[in-house]
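Pasting protein_0.cif here (mmCIF, N, CA and C atoms):
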```cif
data_input
loop_
_atom_site.label_atom_id
_atom_site.label_comp_id
_atom_site.auth_asym_id
_atom_site.auth_seq_id
_atom_site.Cartn_x
_atom_site.Cartn_y
_atom_site.Cartn_z
N MET X 98 102.89 83.97 113.01
CA MET X 98 101.56 83.72 113.54
C MET X 98 100.50 84.25 112.57
N ASP X 99 99.42 83.50 112.44
CA ASP X 99 98.32 83.88 111.57
C ASP X 99 97.50 84.98 112.24
N LYS X 100 97.36 86.13 111.54
CA LYS X 100 96.63 87.27 112.11
C LYS X 100 95.19 86.92 112.46
N ARG X 101 94.55 86.10 111.62
CA ARG X 101 93.17 85.71 111.92
C ARG X 101 93.07 84.96 113.24
N LEU X 102 94.03 84.07 113.48
CA LEU X 102 94.00 83.31 114.73
C LEU X 102 94.24 84.21 115.94
N VAL X 103 95.13 85.19 115.78
CA VAL X 103 95.37 86.14 116.86
C VAL X 103 94.11 86.96 117.12
N ASP X 104 93.45 87.43 116.05
CA ASP X 104 92.21 88.20 116.19
C ASP X 104 91.11 87.35 116.84
N LEU X 105 91.00 86.10 116.41
CA LEU X 105 90.02 85.18 117.00
C LEU X 105 90.29 85.02 118.49
N GLY X 106 91.54 84.77 118.83
CA GLY X 106 91.90 84.59 120.24
C GLY X 106 91.62 85.83 121.07
N ASP X 107 91.95 87.00 120.52
CA ASP X 107 91.66 88.25 121.23
C ASP X 107 90.17 88.42 121.45
N PHE X 108 89.38 88.10 120.43
CA PHE X 108 87.93 88.23 120.54
C PHE X 108 87.38 87.30 121.63
N ILE X 109 87.83 86.05 121.62
CA ILE X 109 87.37 85.09 122.63
C ILE X 109 87.77 85.55 124.02
N ARG X 110 89.00 86.01 124.18
CA ARG X 110 89.47 86.48 125.49
C ARG X 110 88.66 87.69 125.96
N GLN X 111 88.40 88.64 125.06
CA GLN X 111 87.62 89.83 125.43
C GLN X 111 86.22 89.44 125.86
N ARG X 112 85.60 88.52 125.14
CA ARG X 112 84.25 88.07 125.51
C ARG X 112 84.27 87.36 126.86
N ARG X 113 85.28 86.53 127.07
CA ARG X 113 85.40 85.80 128.33
C ARG X 113 85.56 86.78 129.49
N GLU X 114 86.44 87.76 129.31
CA GLU X 114 86.68 88.75 130.37
C GLU X 114 85.44 89.61 130.61
N ALA X 115 84.73 89.95 129.54
CA ALA X 115 83.50 90.75 129.70
C ALA X 115 82.45 89.97 130.48
N ALA X 116 82.46 88.66 130.34
CA ALA X 116 81.52 87.81 131.07
C ALA X 116 82.06 87.47 132.46
N GLN X 117 83.21 88.03 132.81
CA GLN X 117 83.86 87.80 134.10
C GLN X 117 84.08 86.31 134.35
N GLN X 118 84.57 85.63 133.32
CA GLN X 118 84.88 84.21 133.43
C GLN X 118 86.39 84.03 133.41
N SER X 119 86.86 83.11 134.21
CA SER X 119 88.27 82.74 134.13
C SER X 119 88.44 81.80 132.94
N ILE X 120 89.67 81.60 132.54
CA ILE X 120 89.91 80.67 131.44
C ILE X 120 89.46 79.26 131.85
N ARG X 121 89.61 78.96 133.12
CA ARG X 121 89.16 77.65 133.64
C ARG X 121 87.64 77.53 133.54
N ASP X 122 86.91 78.61 133.88
CA ASP X 122 85.45 78.59 133.77
C ASP X 122 85.01 78.33 132.34
N LEU X 123 85.60 79.09 131.40
CA LEU X 123 85.20 78.94 130.01
C LEU X 123 85.58 77.57 129.48
N SER X 124 86.74 77.08 129.84
CA SER X 124 87.15 75.77 129.34
C SER X 124 86.19 74.69 129.84
N ARG X 125 85.74 74.81 131.07
CA ARG X 125 84.77 73.84 131.62
C ARG X 125 83.43 73.94 130.88
N LEU X 126 82.95 75.18 130.68
CA LEU X 126 81.67 75.37 129.99
C LEU X 126 81.71 74.92 128.54
N ALA X 127 82.86 75.12 127.90
CA ALA X 127 83.00 74.77 126.48
C ALA X 127 83.42 73.32 126.27
N GLY X 128 83.86 72.67 127.34
CA GLY X 128 84.28 71.28 127.22
C GLY X 128 85.62 71.10 126.53
N VAL X 129 86.53 72.07 126.73
CA VAL X 129 87.89 71.97 126.18
C VAL X 129 88.88 72.16 127.34
N SER X 130 90.10 71.70 127.15
CA SER X 130 91.08 71.81 128.23
C SER X 130 91.56 73.25 128.38
N ASN X 131 92.01 73.57 129.60
CA ASN X 131 92.57 74.91 129.86
C ASN X 131 93.73 75.23 128.93
N PRO X 132 94.71 74.32 128.80
CA PRO X 132 95.86 74.65 127.92
C PRO X 132 95.44 74.89 126.47
N TYR X 133 94.50 74.08 125.98
CA TYR X 133 94.06 74.24 124.60
C TYR X 133 93.36 75.59 124.40
N LEU X 134 92.48 75.95 125.33
CA LEU X 134 91.80 77.24 125.24
C LEU X 134 92.81 78.39 125.35
N SER X 135 93.79 78.25 126.20
CA SER X 135 94.83 79.28 126.33
C SER X 135 95.58 79.44 125.00
N GLN X 136 95.88 78.32 124.34
CA GLN X 136 96.57 78.39 123.05
C GLN X 136 95.70 79.06 121.99
N ILE X 137 94.40 78.79 122.03
CA ILE X 137 93.47 79.44 121.09
C ILE X 137 93.46 80.95 121.34
N GLU X 138 93.35 81.34 122.60
CA GLU X 138 93.31 82.76 122.94
C GLU X 138 94.60 83.48 122.55
N ARG X 139 95.72 82.79 122.56
CA ARG X 139 97.00 83.40 122.18
C ARG X 139 97.28 83.29 120.69
N GLY X 140 96.35 82.70 119.94
CA GLY X 140 96.51 82.59 118.49
C GLY X 140 97.48 81.52 118.05
N LEU X 141 97.75 80.56 118.92
CA LEU X 141 98.72 79.52 118.62
C LEU X 141 98.09 78.27 117.99
N ARG X 142 96.79 78.10 118.17
CA ARG X 142 96.09 76.92 117.64
C ARG X 142 94.85 77.35 116.88
N LYS X 143 94.56 76.64 115.79
CA LYS X 143 93.34 76.89 115.04
C LYS X 143 92.33 75.82 115.44
N PRO X 144 91.29 76.23 116.14
CA PRO X 144 90.30 75.25 116.60
C PRO X 144 89.42 74.78 115.44
N SER X 145 88.87 73.60 115.61
CA SER X 145 87.94 73.06 114.61
C SER X 145 86.61 73.81 114.71
N ALA X 146 85.78 73.63 113.71
CA ALA X 146 84.45 74.25 113.72
C ALA X 146 83.65 73.76 114.93
N GLU X 147 83.80 72.51 115.28
CA GLU X 147 83.07 71.95 116.43
C GLU X 147 83.50 72.62 117.73
N ILE X 148 84.81 72.81 117.91
CA ILE X 148 85.31 73.47 119.12
C ILE X 148 84.83 74.92 119.15
N LEU X 149 84.85 75.59 118.00
CA LEU X 149 84.36 76.98 117.96
C LEU X 149 82.88 77.04 118.34
N GLN X 150 82.12 76.05 117.91
CA GLN X 150 80.70 76.02 118.25
C GLN X 150 80.54 75.85 119.77
N GLN X 151 81.34 75.02 120.38
CA GLN X 151 81.27 74.82 121.83
C GLN X 151 81.65 76.11 122.58
N ILE X 152 82.69 76.78 122.10
CA ILE X 152 83.12 78.04 122.72
C ILE X 152 82.04 79.10 122.54
N ALA X 153 81.47 79.18 121.34
CA ALA X 153 80.42 80.16 121.06
C ALA X 153 79.23 79.96 122.00
N ARG X 154 78.84 78.71 122.17
CA ARG X 154 77.71 78.40 123.05
C ARG X 154 78.03 78.85 124.48
N ALA X 155 79.24 78.59 124.94
CA ALA X 155 79.63 78.95 126.31
C ALA X 155 79.71 80.47 126.50
N LEU X 156 80.05 81.19 125.42
CA LEU X 156 80.16 82.65 125.49
C LEU X 156 78.87 83.37 125.12
N HIS X 157 77.86 82.61 124.70
CA HIS X 157 76.58 83.18 124.28
C HIS X 157 76.75 84.10 123.07
N VAL X 158 77.54 83.65 122.10
CA VAL X 158 77.68 84.35 120.83
C VAL X 158 77.35 83.35 119.72
N SER X 159 77.10 83.86 118.53
CA SER X 159 76.79 82.96 117.43
C SER X 159 78.06 82.26 116.96
N ALA X 160 77.91 81.01 116.58
CA ALA X 160 79.04 80.25 116.05
C ALA X 160 79.55 80.91 114.77
N GLU X 161 78.63 81.50 113.99
CA GLU X 161 79.03 82.16 112.74
C GLU X 161 80.03 83.28 113.00
N THR X 162 79.84 84.00 114.09
CA THR X 162 80.77 85.08 114.45
C THR X 162 82.19 84.52 114.59
N LEU X 163 82.31 83.41 115.28
CA LEU X 163 83.64 82.81 115.46
C LEU X 163 84.14 82.17 114.17
N TYR X 164 83.24 81.60 113.37
CA TYR X 164 83.65 80.99 112.10
C TYR X 164 84.26 82.04 111.17
N VAL X 165 83.64 83.21 111.12
CA VAL X 165 84.16 84.29 110.27
C VAL X 165 85.54 84.71 110.77
N ARG X 166 85.67 84.90 112.06
CA ARG X 166 86.95 85.34 112.63
C ARG X 166 88.05 84.30 112.43
N ALA X 167 87.67 83.02 112.40
CA ALA X 167 88.65 81.95 112.20
C ALA X 167 88.94 81.70 110.72
N GLY X 168 88.14 82.30 109.84
CA GLY X 168 88.36 82.12 108.41
C GLY X 168 87.60 80.96 107.81
N PHE X 169 86.68 80.36 108.57
CA PHE X 169 85.88 79.25 108.04
C PHE X 169 84.77 79.75 107.12
N LEU X 170 84.30 80.97 107.37
CA LEU X 170 83.23 81.57 106.57
C LEU X 170 83.69 82.94 106.09
N ASP X 171 83.18 83.32 104.93
CA ASP X 171 83.40 84.66 104.41
C ASP X 171 82.45 85.59 105.17
N GLY X 172 82.94 86.72 105.61
CA GLY X 172 82.12 87.66 106.38
C GLY X 172 80.87 88.11 105.66
N ASP X 173 80.95 88.33 104.34
CA ASP X 173 79.79 88.78 103.58
C ASP X 173 78.72 87.72 103.50
N SER X 174 79.10 86.47 103.24
CA SER X 174 78.09 85.42 103.14
C SER X 174 77.50 85.12 104.51
N ALA X 175 78.30 85.21 105.57
CA ALA X 175 77.79 84.96 106.91
C ALA X 175 76.79 86.04 107.31
N ARG X 176 77.08 87.30 106.94
CA ARG X 176 76.14 88.38 107.28
C ARG X 176 74.81 88.21 106.56
N ALA X 177 74.86 87.67 105.36
CA ALA X 177 73.64 87.49 104.58
C ALA X 177 72.75 86.41 105.17
N THR X 178 73.35 85.41 105.83
CA THR X 178 72.56 84.30 106.35
C THR X 178 72.43 84.31 107.87
N ALA X 179 73.30 85.01 108.56
CA ALA X 179 73.28 84.99 110.01
C ALA X 179 72.18 85.89 110.56
N PRO X 180 71.57 85.46 111.67
CA PRO X 180 70.57 86.32 112.30
C PRO X 180 71.24 87.54 112.91
N ALA X 181 70.45 88.56 113.16
CA ALA X 181 70.97 89.76 113.80
C ALA X 181 71.54 89.37 115.16
N PRO X 182 72.56 90.08 115.64
CA PRO X 182 73.14 89.73 116.93
C PRO X 182 72.12 89.91 118.05
N SER X 183 72.26 89.10 119.07
CA SER X 183 71.39 89.23 120.23
C SER X 183 71.74 90.52 120.97
N VAL X 184 70.89 90.90 121.89
CA VAL X 184 71.16 92.08 122.70
C VAL X 184 72.47 91.89 123.46
N GLU X 185 72.66 90.69 124.01
CA GLU X 185 73.88 90.42 124.77
C GLU X 185 75.11 90.52 123.88
N GLU X 186 75.04 89.98 122.68
CA GLU X 186 76.17 90.06 121.75
C GLU X 186 76.48 91.51 121.40
N ALA X 187 75.43 92.29 121.16
CA ALA X 187 75.63 93.69 120.79
C ALA X 187 76.29 94.48 121.92
N VAL X 188 75.83 94.26 123.14
CA VAL X 188 76.41 94.96 124.29
C VAL X 188 77.87 94.54 124.46
N LEU X 189 78.15 93.25 124.39
CA LEU X 189 79.52 92.77 124.56
C LEU X 189 80.46 93.25 123.46
N ALA X 190 79.92 93.46 122.27
CA ALA X 190 80.75 93.88 121.14
C ALA X 190 80.99 95.38 121.10
N ASP X 191 80.25 96.14 121.87
CA ASP X 191 80.36 97.60 121.81
C ASP X 191 81.71 98.07 122.37
N PRO X 192 82.57 98.63 121.53
CA PRO X 192 83.89 99.05 121.99
C PRO X 192 83.86 100.31 122.85
N LEU X 193 82.74 101.01 122.88
CA LEU X 193 82.66 102.25 123.65
C LEU X 193 82.33 102.02 125.12
N LEU X 194 81.91 100.80 125.45
CA LEU X 194 81.52 100.50 126.83
C LEU X 194 82.67 99.81 127.57
N SER X 195 82.83 100.16 128.83
CA SER X 195 83.82 99.47 129.66
C SER X 195 83.25 98.11 130.06
N ILE X 196 84.09 97.24 130.57
CA ILE X 196 83.62 95.92 131.03
C ILE X 196 82.57 96.10 132.12
N GLU X 197 82.80 97.04 133.02
CA GLU X 197 81.85 97.29 134.10
C GLU X 197 80.50 97.75 133.54
N GLN X 198 80.52 98.64 132.56
CA GLN X 198 79.28 99.12 131.95
C GLN X 198 78.56 97.98 131.23
N LYS X 199 79.31 97.14 130.53
CA LYS X 199 78.71 96.00 129.83
C LYS X 199 78.03 95.07 130.82
N ASN X 200 78.72 94.77 131.91
CA ASN X 200 78.15 93.87 132.91
C ASN X 200 76.89 94.46 133.55
N THR X 201 76.90 95.76 133.81
CA THR X 201 75.72 96.42 134.39
C THR X 201 74.55 96.37 133.42
N LEU X 202 74.80 96.71 132.16
CA LEU X 202 73.73 96.66 131.16
C LEU X 202 73.17 95.25 131.01
N LEU X 203 74.05 94.26 130.96
CA LEU X 203 73.59 92.88 130.81
C LEU X 203 72.80 92.42 132.03
N SER X 204 73.22 92.86 133.20
CA SER X 204 72.50 92.49 134.41
C SER X 204 71.08 93.07 134.39
N VAL X 205 70.96 94.33 134.01
CA VAL X 205 69.64 94.97 133.92
C VAL X 205 68.80 94.27 132.85
N TYR X 206 69.39 94.03 131.70
CA TYR X 206 68.67 93.35 130.61
C TYR X 206 68.17 91.98 131.04
N ARG X 207 69.02 91.20 131.67
CA ARG X 207 68.64 89.85 132.09
C ARG X 207 67.53 89.88 133.15
N THR X 208 67.53 90.92 133.97
CA THR X 208 66.46 91.07 134.96
C THR X 208 65.11 91.28 134.27
N TYR X 209 65.10 92.03 133.17
CA TYR X 209 63.86 92.28 132.44
C TYR X 209 63.38 91.06 131.67
N VAL X 210 64.29 90.32 131.05
CA VAL X 210 63.86 89.17 130.25
C VAL X 210 63.59 87.94 131.07
N ASN X 211 64.16 87.88 132.28
CA ASN X 211 63.94 86.72 133.14
C ASN X 211 63.80 87.20 134.57
N PRO X 212 62.65 87.81 134.90
CA PRO X 212 62.49 88.41 136.23
C PRO X 212 62.65 87.40 137.37
N ALA X 213 62.33 86.13 137.14
CA ALA X 213 62.44 85.12 138.20
C ALA X 213 63.89 84.87 138.59
N ALA X 214 64.82 85.08 137.65
CA ALA X 214 66.24 84.84 137.93
C ALA X 214 66.89 86.00 138.64
N GLY X 215 66.29 87.19 138.55
CA GLY X 215 66.89 88.39 139.14
C GLY X 215 66.64 88.46 140.58
#
```

Structure re-expressed in structure tokens:
Amino acid sequence: MDKRLVDLGDFIRQRREAAQQSIRDLSRLAGVSNPYLSQIERGLRKPSAEILQQIARALHVSAETLYVRAGFLDGDSARATAPAPSVEEAVLADPLLSIEQKNTLLSVYRTYVNPAAG
């Protein structure tokens, strides 16, 4: 198994779980089948750049983040051109926070940026 694909799959699964989404939810939002997304998460399939973009959009992360993890982009060149991570991306990426803490922080943040939705 390709280590990059396993790392990519782990990253996608962690983001999905942090967002409290089932694999079915994410597959629907990303427009890919459940089995295909499951294979990506397990590192068994290498998704195309287009599929990664759909998954990134559904997870609210930059496509560049997934491209680097999949090996489509060099991490150094992507960092030079990619915008800084969003607040949501930074919270979700923080390894020191539990899923519950991440969800609480994101809930508070979303209330401030979109008071009508809270």

Could you name the residues that touch Arg139 of chain X at 8 Å or less, counting only N, CA and C atoms, but leaving out those on the same chain fewer than 5 positions away, as a VMD selection string?
chain X and resid 102 to 107 110 133 to 134

Between atom C of Arg112 of chain X and atom C of Leu189 of chain X, what is the distance, to one decimal in Å?
7.8 Å

Those in segment 129-187 of chain X with alpha helix (DSSP H) from DSSP, as a ChimeraX atom specification
/X:131-138,146-156,160-167,172-178,184-187

Between atom CA of Arg121 of chain X and atom CA of Ala160 of chain X - distance in Å to one decimal
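Computing it gives 20.5 Å between the two atoms.
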
As an exercise, work out the distance from atom C of Phe108 of chain X to atom N of Pro212 of chain X in Å and give it to one decimal place.
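If I compute the distance from atom C of Phe108 of chain X to atom N of Pro212 of chain X, I get 28.1 Å.
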
Could you tell me, as a count of residues only, exactly which residues end up selected when the PyMOL selection byres (((chain X and resi 149 and name CA) around 12) and name CA) is applied to this structure?
38

To box segment 99-104 of chain X, take all atoms listed in the file, fit an axis-aligned box, add 5 Å on each side, and give centre and edge lengths in Å to one decimal, as AutoDock Vina command-line options.
```
--center_x 95.3 --center_y 85.8 --center_z 114.3 --size_x 18.3 --size_y 14.9 --size_z 15.6
```

Using only C-alpha atoms, which of X:Asp171, X:Ser130, X:Met98, X:Ala187 sits nearest Leu203 of chain X?
X:Ala187

Can you work out which one of X:Ser183, X:Gln198, X:Lys100, X:Tyr206 has the shortest atom-to-atom distance to Gly140 of chain X, counting all atoms listed in the file?
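Looking only at the distances to Gly140 of chain X, the closest residue turns out to be X:Lys100.
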